[in-house]
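*Asks:* Quick one: structure below, then a few questions.
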Amino acid sequence: MTVMYVKKEFTFDAAHYLGKYHGKCERLHGHTYRLAVTVKGEPDSEGMVMDFLELKAIVQEKVLSALDHSCLNDLVAQPTTENMVLWIKEKLEPEFKGKSCSLAEIELWESPGSSVILRLEKI
Ligand SMILES: Nc1nc2c(c(=O)[nH]1)N=C([C@H](O)[C@H](O)COP(=O)(O)OP(=O)(O)OP(=O)(O)O)CN2
Ligand SMILES: [Zn+2]
């Protein structure tokens, strides 16, 4: 068994404010977020765990189309990076039902030095 991890990175721009936070982040402001989605599985007969193009299409349709140039508070009440990672997981996980690979990790950077990682090891 040769398990491999396929990772694809994206960026999106969004506004948010943290209403339950005491400090500068209470006020409406924006970030250029970076998102990495990692999928785990074994290479198939084509030599791929998952086609990068398919992964890109799923993330574009289920996540980026909603988040890019949005106000995240319209989607999540307290849009911390942690809460946005959970929102992204809810959108992506159903797309892997019945597939030979699974969602392994989601990492979301709010700024170049600050990220949250959610690990979802299943197989
Ligand atoms: N654990 C978390 N901490 C913080 C979050 C978060 O989502 N999870 N979010 C914020 C705010 O969104 C805030 O906007 C972050 O501000 P930023 O200027 O990016 O933070 P820094 O001052 O650390 O900026 P650097 O440029 O990285 O120094 C706050 N905390
Ligand atoms: Zn912020």
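Residue numbering restarts at 1 in every chain; chains get A, B, ... in the order shown in the structure tokens, and ligands count up from 1 in that same order.
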Kindly compile the residues surrounding ligand 1 within 8 Å, counting only C-alpha atoms and all ligand atoms, and format them as a PyMOL selection string.

*Replies:* chain A and resi 16-18+24-25+29-31+79-83+110-116

*Asks:* Pull N, CA and C atoms from the residues just selected and write them as a PDB file, in the first residue's frame.

*Replies:*
ATOM      1  N   HIS A  16     -14.029  40.611   6.764  1.00  0.00           N
ATOM      2  CA  HIS A  16     -14.697  40.056   7.950  1.00  0.00           C
ATOM      3  C   HIS A  16     -14.497  40.988   9.138  1.00  0.00           C
ATOM      4  N   TYR A  17     -15.257  40.719  10.174  1.00  0.00           N
ATOM      5  CA  TYR A  17     -15.011  41.343  11.471  1.00  0.00           C
ATOM      6  C   TYR A  17     -15.341  40.297  12.531  1.00  0.00           C
ATOM      7  N   LEU A  18     -14.648  40.389  13.658  1.00  0.00           N
ATOM      8  CA  LEU A  18     -14.855  39.413  14.727  1.00  0.00           C
ATOM      9  C   LEU A  18     -15.608  40.104  15.867  1.00  0.00           C
ATOM     10  N   LYS A  24      -8.491  45.187  17.533  1.00  0.00           N
ATOM     11  CA  LYS A  24      -8.644  45.781  16.192  1.00  0.00           C
ATOM     12  C   LYS A  24      -9.504  44.929  15.263  1.00  0.00           C
ATOM     13  N   CYS A  25      -9.558  43.626  15.499  1.00  0.00           N
ATOM     14  CA  CYS A  25     -10.284  42.722  14.581  1.00  0.00           C
ATOM     15  C   CYS A  25     -11.794  42.779  14.752  1.00  0.00           C
ATOM     16  N   HIS A  29     -12.577  44.560   8.198  1.00  0.00           N
ATOM     17  CA  HIS A  29     -11.295  44.654   7.500  1.00  0.00           C
ATOM     18  C   HIS A  29     -11.172  43.443   6.566  1.00  0.00           C
ATOM     19  N   GLY A  30     -10.093  43.389   5.803  1.00  0.00           N
ATOM     20  CA  GLY A  30      -9.972  42.313   4.823  1.00  0.00           C
ATOM     21  C   GLY A  30      -8.649  41.575   4.904  1.00  0.00           C
ATOM     22  N   HIS A  31      -8.647  40.375   4.312  1.00  0.00           N
ATOM     23  CA  HIS A  31      -7.424  39.561   4.221  1.00  0.00           C
ATOM     24  C   HIS A  31      -7.359  38.940   2.829  1.00  0.00           C
ATOM     25  N   PRO A  79     -16.344  34.688  12.030  1.00  0.00           N
ATOM     26  CA  PRO A  79     -15.490  34.034  11.037  1.00  0.00           C
ATOM     27  C   PRO A  79     -13.995  34.085  11.369  1.00  0.00           C
ATOM     28  N   THR A  80     -13.637  33.415  12.460  1.00  0.00           N
ATOM     29  CA  THR A  80     -12.211  33.204  12.739  1.00  0.00           C
ATOM     30  C   THR A  80     -11.672  32.216  11.705  1.00  0.00           C
ATOM     31  N   THR A  81     -10.372  32.121  11.628  1.00  0.00           N
ATOM     32  CA  THR A  81      -9.774  31.144  10.705  1.00  0.00           C
ATOM     33  C   THR A  81     -10.230  29.738  11.091  1.00  0.00           C
ATOM     34  N   GLU A  82     -10.294  29.463  12.389  1.00  0.00           N
ATOM     35  CA  GLU A  82     -10.737  28.146  12.866  1.00  0.00           C
ATOM     36  C   GLU A  82     -12.161  27.845  12.375  1.00  0.00           C
ATOM     37  N   ASN A  83     -13.065  28.809  12.542  1.00  0.00           N
ATOM     38  CA  ASN A  83     -14.457  28.576  12.120  1.00  0.00           C
ATOM     39  C   ASN A  83     -14.578  28.475  10.600  1.00  0.00           C
ATOM     40  N   GLU A 110      -4.622  33.214   7.271  1.00  0.00           N
ATOM     41  CA  GLU A 110      -5.291  34.512   7.259  1.00  0.00           C
ATOM     42  C   GLU A 110      -4.308  35.589   6.806  1.00  0.00           C
ATOM     43  N   SER A 111      -3.051  35.357   7.136  1.00  0.00           N
ATOM     44  CA  SER A 111      -1.977  36.226   6.657  1.00  0.00           C
ATOM     45  C   SER A 111      -0.770  35.300   6.460  1.00  0.00           C
ATOM     46  N   PRO A 112       0.287  35.765   5.797  1.00  0.00           N
ATOM     47  CA  PRO A 112       1.385  34.843   5.466  1.00  0.00           C
ATOM     48  C   PRO A 112       1.967  34.095   6.672  1.00  0.00           C
ATOM     49  N   GLY A 113       1.901  34.676   7.850  1.00  0.00           N
ATOM     50  CA  GLY A 113       2.488  33.999   9.017  1.00  0.00           C
ATOM     51  C   GLY A 113       1.494  33.322   9.936  1.00  0.00           C
ATOM     52  N   SER A 114       0.200  33.324   9.607  1.00  0.00           N
ATOM     53  CA  SER A 114      -0.814  32.845  10.558  1.00  0.00           C
ATOM     54  C   SER A 114      -1.782  31.887   9.867  1.00  0.00           C
ATOM     55  N   SER A 115      -1.752  30.618  10.310  1.00  0.00           N
ATOM     56  CA  SER A 115      -2.660  29.643   9.699  1.00  0.00           C
ATOM     57  C   SER A 115      -3.261  28.711  10.733  1.00  0.00           C
ATOM     58  N   VAL A 116      -4.348  28.048  10.319  1.00  0.00           N
ATOM     59  CA  VAL A 116      -4.995  27.000  11.120  1.00  0.00           C
ATOM     60  C   VAL A 116      -5.025  25.738  10.255  1.00  0.00           C
TER      61      VAL A 116
END

*Asks:* What's around A:Ser65 at 12 Å? Count only C-alpha atoms, leave out sequence neighbours fewer than 3 positions away in its own chain, and write the answer as a list of chain:residue names.

*Replies:*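 Skipping anything fewer than 3 positions along the chain leaves A:Phe10, A:Thr11, A:Phe12, A:Asp13, A:Ala14, A:Lys56, A:Ala57, A:Ile58, A:Val59, A:Gln60, A:Glu61, A:Lys62, A:Asp68, A:His69, A:Ser70, A:Ile88, A:Lys91.
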
*Asks:* Using Å and a single decimal, report how far atom CA of A:Ala104 sits from atom CA of A:Val85.

*Replies:* 12.8 Å

*Asks:* Can you pull out every residue from stretch 4-89 of chain A that DSSP, working from the backbone, puts in alpha helix (DSSP H), and format the result as a PyMOL selection string?

*Replies:* chain A and resi 52-59+65-67+81-89

*Asks:* How far is it from atom CA of A:Leu86 to atom CA of A:Glu42, in Å with one decimal?

*Replies:*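 These two atoms are separated by 25.5 Å.
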
*Asks:* Could you please write out, as a ChimeraX atom specification, every residue of chain A that DSSP assigns to strand (DSSP E or B)?

*Replies:* /A:4-16,29-41,70-71,102-111,114-119

*Asks:* Could you tell me how far atom CA of A:Glu93 lies from atom 1 (Zn, counted along the ligand's line) of ligand 2, in Å and to one decimal?

*Replies:*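 So the two atoms, atom CA of A:Glu93 and atom 1 (Zn, counted along the ligand's line) of ligand 2, lie 25.3 Å apart.
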
*Asks:* I need the residue nearest A:Phe96 from this list: A:Lys40, A:His22, A:Arg27, A:Lys7. Use only C-alpha atoms for the distance.

*Replies:* A:Lys40

*Asks:* Counting only C-alpha atoms, what is within 8 Å of A:Leu120, bar same-chain residues fewer than 2 positions away, as a list in words?

*Replies:* Leu103, Ala104, Glu105, Leu118 and Lys122 of chain A

*Asks:* How would the residues just picked look written out with C-alpha atoms as a PDB file, in the first residue's frame?

*Replies:*
ATOM      1  CA  LEU A 103      -9.941  14.688   2.482  1.00  0.00           C
ATOM      2  CA  ALA A 104      -6.814  14.615   4.667  1.00  0.00           C
ATOM      3  CA  GLU A 105      -6.039  18.205   5.642  1.00  0.00           C
ATOM      4  CA  LEU A 118      -7.484  20.768  10.391  1.00  0.00           C
ATOM      5  CA  LYS A 122      -9.489   8.523   7.682  1.00  0.00           C
TER       6      LYS A 122
END

*Asks:* Write out as a VMD selection string which residues come within 7 Å of A:Glu9 when counting only C-alpha atoms, dropping same-chain ones fewer than 4 positions away.

*Replies:* chain A and resid 35 to 37

*Asks:* Pick the closest to ligand 2 from A:Ile117, A:Leu64, A:Cys71, A:Met50: which is it, counting only C-alpha atoms and all ligand atoms?

*Replies:*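 Result for the nearest residue to ligand 2: A:Cys71.
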
*Asks:* Given the choices A:Leu92, A:Pro43, A:Val49, A:Leu72, which gets closest to ligand 2 if the distance is worked out from only C-alpha atoms and all ligand atoms?

*Replies:* A:Leu72

*Asks:* Go through A:Ser45, A:Lys97, A:Gly19, A:Leu55 one by one, measure the shortest atom-to-atom distance of each to ligand 2 using only C-alpha atoms and all ligand atoms, and give the residue with the smallest value.

*Replies:*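 When distances to ligand 2 are compared using only C-alpha atoms and all ligand atoms, the smallest one comes from A:Gly19.
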
*Asks:* I'd like to know which of A:Leu53, A:Ala15, A:Cys101, A:Val39 is closest to A:Leu67, using only C-alpha atoms.

*Replies:*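 Selected residue with least distance to A:Leu67: A:Ala15.
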
*Asks:* With only C-alpha atoms and all ligand atoms as the atoms that count, which of A:Ile106, A:Ala66, A:Met48, A:Leu28 lies nearest to ligand 2?

*Replies:*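 Among A:Ile106, A:Ala66, A:Met48, A:Leu28, it is A:Leu28 that comes nearest to ligand 2.
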